[in-house]
Amino acid sequence: MGMRAQKKILGRMSNRSMAKVFIDDTTGNLLDNLHRVVRLRSESKKEAEKVIKNVIKIVVKIGILYRNDQFNKEELLLVERFKRKFHSTAMTVVSFYEVDYSYDRNFLVQSLNECCAMLTQLVRPHLTDKSIARIDHVFRFFTDNELLEKLFRKDGEYRRLMSKIVADMHKLMEDGGL
């Protein structure tokens, strides 16, 4: 198949369908449900696609840097600290969802901001300002006070979506993917 034919086929495939080729089902479901949350909150399909596209780009770029041994010894230590902090934050989200009256917005925002700072510190020497802006965009969206209140409200409109997100997070943690 010629290059022109390949470009034509790829041009027809959406970013979402391309991502699903490389992402396992659980991660795909998690991203789909996060997309729904972003779309509900922002009331914009374009914004939802932008946030999820930024998540995917960030993860892919960091993965490429890591696989190509681009991080020095200190950065590798930061990678491990970030992974532990992000995993801890994910467990916090699950706990806040599952345990009544345990939700603490300030704690969660602080934890997410720490993740953002570590990630930014890690990639700043390697990626462009545009990539740093993507990280900021994603974390700024998910630390929005109103969004967090809606996500963890027991009787809220986001409750059904949160149950799916938490189920996917459980599976990813069990499999070692989060």
# chains A, B, ... in the order shown; residues from 1 in each chain; ligands from 1
call {"tool": "residues_around", "arguments": {"residues": "stretch 42-57 of chain A", "least_positions_apart": "2", "cutoff": "8 Å", "atoms": "only C-alpha atoms", "output": "PyMOL selection string"}}
result
chain A and resi 31+34-36+38-40+59-61+134-135+137-138
call {"tool": "residues_around", "arguments": {"residues": "stretch 154-161 of chain A", "least_positions_apart": "6", "cutoff": "10 Å", "atoms": "only C-alpha atoms", "output": "PyMOL selection string"}}
result
chain A and resi 30+33-34+36-37+40-41+97-98+100-101+147-148+167
call {"tool": "select_by_dssp", "arguments": {"residues": "stretch 114-178 of chain A", "states": "alpha helix (DSSP H)", "output": "PyMOL selection string"}}
result
chain A and resi 114-123+129-142+145-152+159-175
call {"tool": "residues_around", "arguments": {"residues": "stretch 90-93 of chain A", "least_positions_apart": "3", "cutoff": "10 Å", "atoms": "only C-alpha atoms", "output": "mmCIF file with N, CA and C atoms, in the first residue's frame"}}
result
data_model
loop_
_atom_site.group_PDB
_atom_site.id
_atom_site.type_symbol
_atom_site.label_atom_id
_atom_site.label_comp_id
_atom_site.auth_asym_id
_atom_site.auth_seq_id
_atom_site.Cartn_x
_atom_site.Cartn_y
_atom_site.Cartn_z
ATOM 1 N N ARG A 84 4.327 6.910 42.734
ATOM 2 C CA ARG A 84 3.765 6.630 44.064
ATOM 3 C C ARG A 84 2.691 7.656 44.426
ATOM 4 N N LYS A 85 2.975 8.931 44.175
ATOM 5 C CA LYS A 85 2.016 9.992 44.513
ATOM 6 C C LYS A 85 0.745 9.864 43.681
ATOM 7 N N PHE A 86 0.897 9.578 42.384
ATOM 8 C CA PHE A 86 -0.270 9.451 41.522
ATOM 9 C C PHE A 86 -1.104 8.238 41.932
ATOM 10 N N HIS A 87 -0.449 7.133 42.249
ATOM 11 C CA HIS A 87 -1.157 5.935 42.704
ATOM 12 C C HIS A 87 -1.890 6.219 44.015
ATOM 13 N N PHE A 96 -12.573 8.206 48.578
ATOM 14 C CA PHE A 96 -13.547 9.287 48.732
ATOM 15 C C PHE A 96 -14.883 8.912 48.104
ATOM 16 N N TYR A 97 -14.846 8.166 47.015
ATOM 17 C CA TYR A 97 -16.085 7.750 46.355
ATOM 18 C C TYR A 97 -16.800 6.677 47.183
ATOM 19 N N GLU A 98 -16.020 5.729 47.693
ATOM 20 C CA GLU A 98 -16.622 4.556 48.330
ATOM 21 C C GLU A 98 -16.997 4.746 49.800
ATOM 22 N N SER A 102 -16.154 10.941 53.556
ATOM 23 C CA SER A 102 -14.690 10.995 53.649
ATOM 24 C C SER A 102 -14.094 12.020 52.684
ATOM 25 N N TYR A 103 -14.878 12.517 51.745
ATOM 26 C CA TYR A 103 -14.383 13.437 50.729
ATOM 27 C C TYR A 103 -13.813 14.706 51.359
ATOM 28 N N ASP A 104 -12.575 15.018 50.993
ATOM 29 C CA ASP A 104 -11.889 16.215 51.467
ATOM 30 C C ASP A 104 -11.305 16.924 50.241
ATOM 31 N N PHE A 107 -7.663 18.332 50.436
ATOM 32 C CA PHE A 107 -6.649 17.281 50.393
ATOM 33 C C PHE A 107 -6.452 16.783 48.966
ATOM 34 N N LEU A 108 -7.564 16.542 48.268
ATOM 35 C CA LEU A 108 -7.477 16.026 46.898
ATOM 36 C C LEU A 108 -6.832 17.041 45.963
ATOM 37 N N SER A 111 -3.132 17.166 46.602
ATOM 38 C CA SER A 111 -2.487 15.966 46.068
ATOM 39 C C SER A 111 -2.342 16.045 44.540
ATOM 40 N N LEU A 112 -3.402 16.477 43.864
ATOM 41 C CA LEU A 112 -3.339 16.628 42.408
ATOM 42 C C LEU A 112 -2.339 17.713 42.007
ATOM 43 N N LEU A 151 -18.513 15.524 41.320
ATOM 44 C CA LEU A 151 -18.041 14.144 41.198
ATOM 45 C C LEU A 151 -18.287 13.332 42.462
ATOM 46 N N PHE A 152 -18.165 13.968 43.607
ATOM 47 C CA PHE A 152 -18.249 13.218 44.859
ATOM 48 C C PHE A 152 -19.574 13.386 45.592
ATOM 49 N N MET A 162 -19.065 8.284 37.905
ATOM 50 C CA MET A 162 -18.021 8.042 38.898
ATOM 51 C C MET A 162 -17.938 6.569 39.274
ATOM 52 N N ILE A 165 -15.911 5.041 36.553
ATOM 53 C CA ILE A 165 -14.520 5.485 36.645
ATOM 54 C C ILE A 165 -13.813 4.754 37.782
ATOM 55 N N VAL A 166 -14.462 4.662 38.933
ATOM 56 C CA VAL A 166 -13.862 3.985 40.084
ATOM 57 C C VAL A 166 -13.669 2.501 39.796
ATOM 58 N N MET A 169 -10.673 2.264 37.670
ATOM 59 C CA MET A 169 -9.475 2.556 38.463
ATOM 60 C C MET A 169 -9.099 1.348 39.319
ATOM 61 N N HIS A 170 -10.098 0.679 39.921
ATOM 62 C CA HIS A 170 -9.832 -0.538 40.692
ATOM 63 C C HIS A 170 -9.127 -1.576 39.821
ATOM 64 N N MET A 173 -5.563 -0.584 38.981
ATOM 65 C CA MET A 173 -4.675 -0.728 40.133
ATOM 66 C C MET A 173 -4.360 -2.191 40.388
ATOM 67 N N LEU A 178 -1.988 1.448 37.050
ATOM 68 C CA LEU A 178 -2.256 2.814 37.559
ATOM 69 C C LEU A 178 -1.498 3.032 38.845
#
call {"tool": "closest_residue", "arguments": {"among": "A:Thr128, A:Asn72, A:Asn145, A:Thr27", "to": "A:Val109", "atoms": "only C-alpha atoms"}}
result
A:Asn145
call {"tool": "residues_around", "arguments": {"residues": "A:Thr120", "least_positions_apart": "6", "cutoff": "10 Å", "atoms": "only C-alpha atoms", "output": "number ranges by chain"}}
result
A: 114, 127, 131-133, 135-136
call {"tool": "residues_around", "arguments": {"residues": "stretch 75-82 of chain A", "least_positions_apart": "6", "cutoff": "7 Å", "atoms": "only C-alpha atoms", "output": "NGL selection string"}}
result
:A and (115 or 118-119 or 122)
call {"tool": "atom_distance", "arguments": {"atom1": "atom CA of A:Arg105", "atom2": "atom CA of A:Glu149"}}
result
7.6 Å
call {"tool": "atom_distance", "arguments": {"atom1": "atom CA of A:Asp32", "atom2": "atom CA of A:Ser163"}}
result
13.3 Å
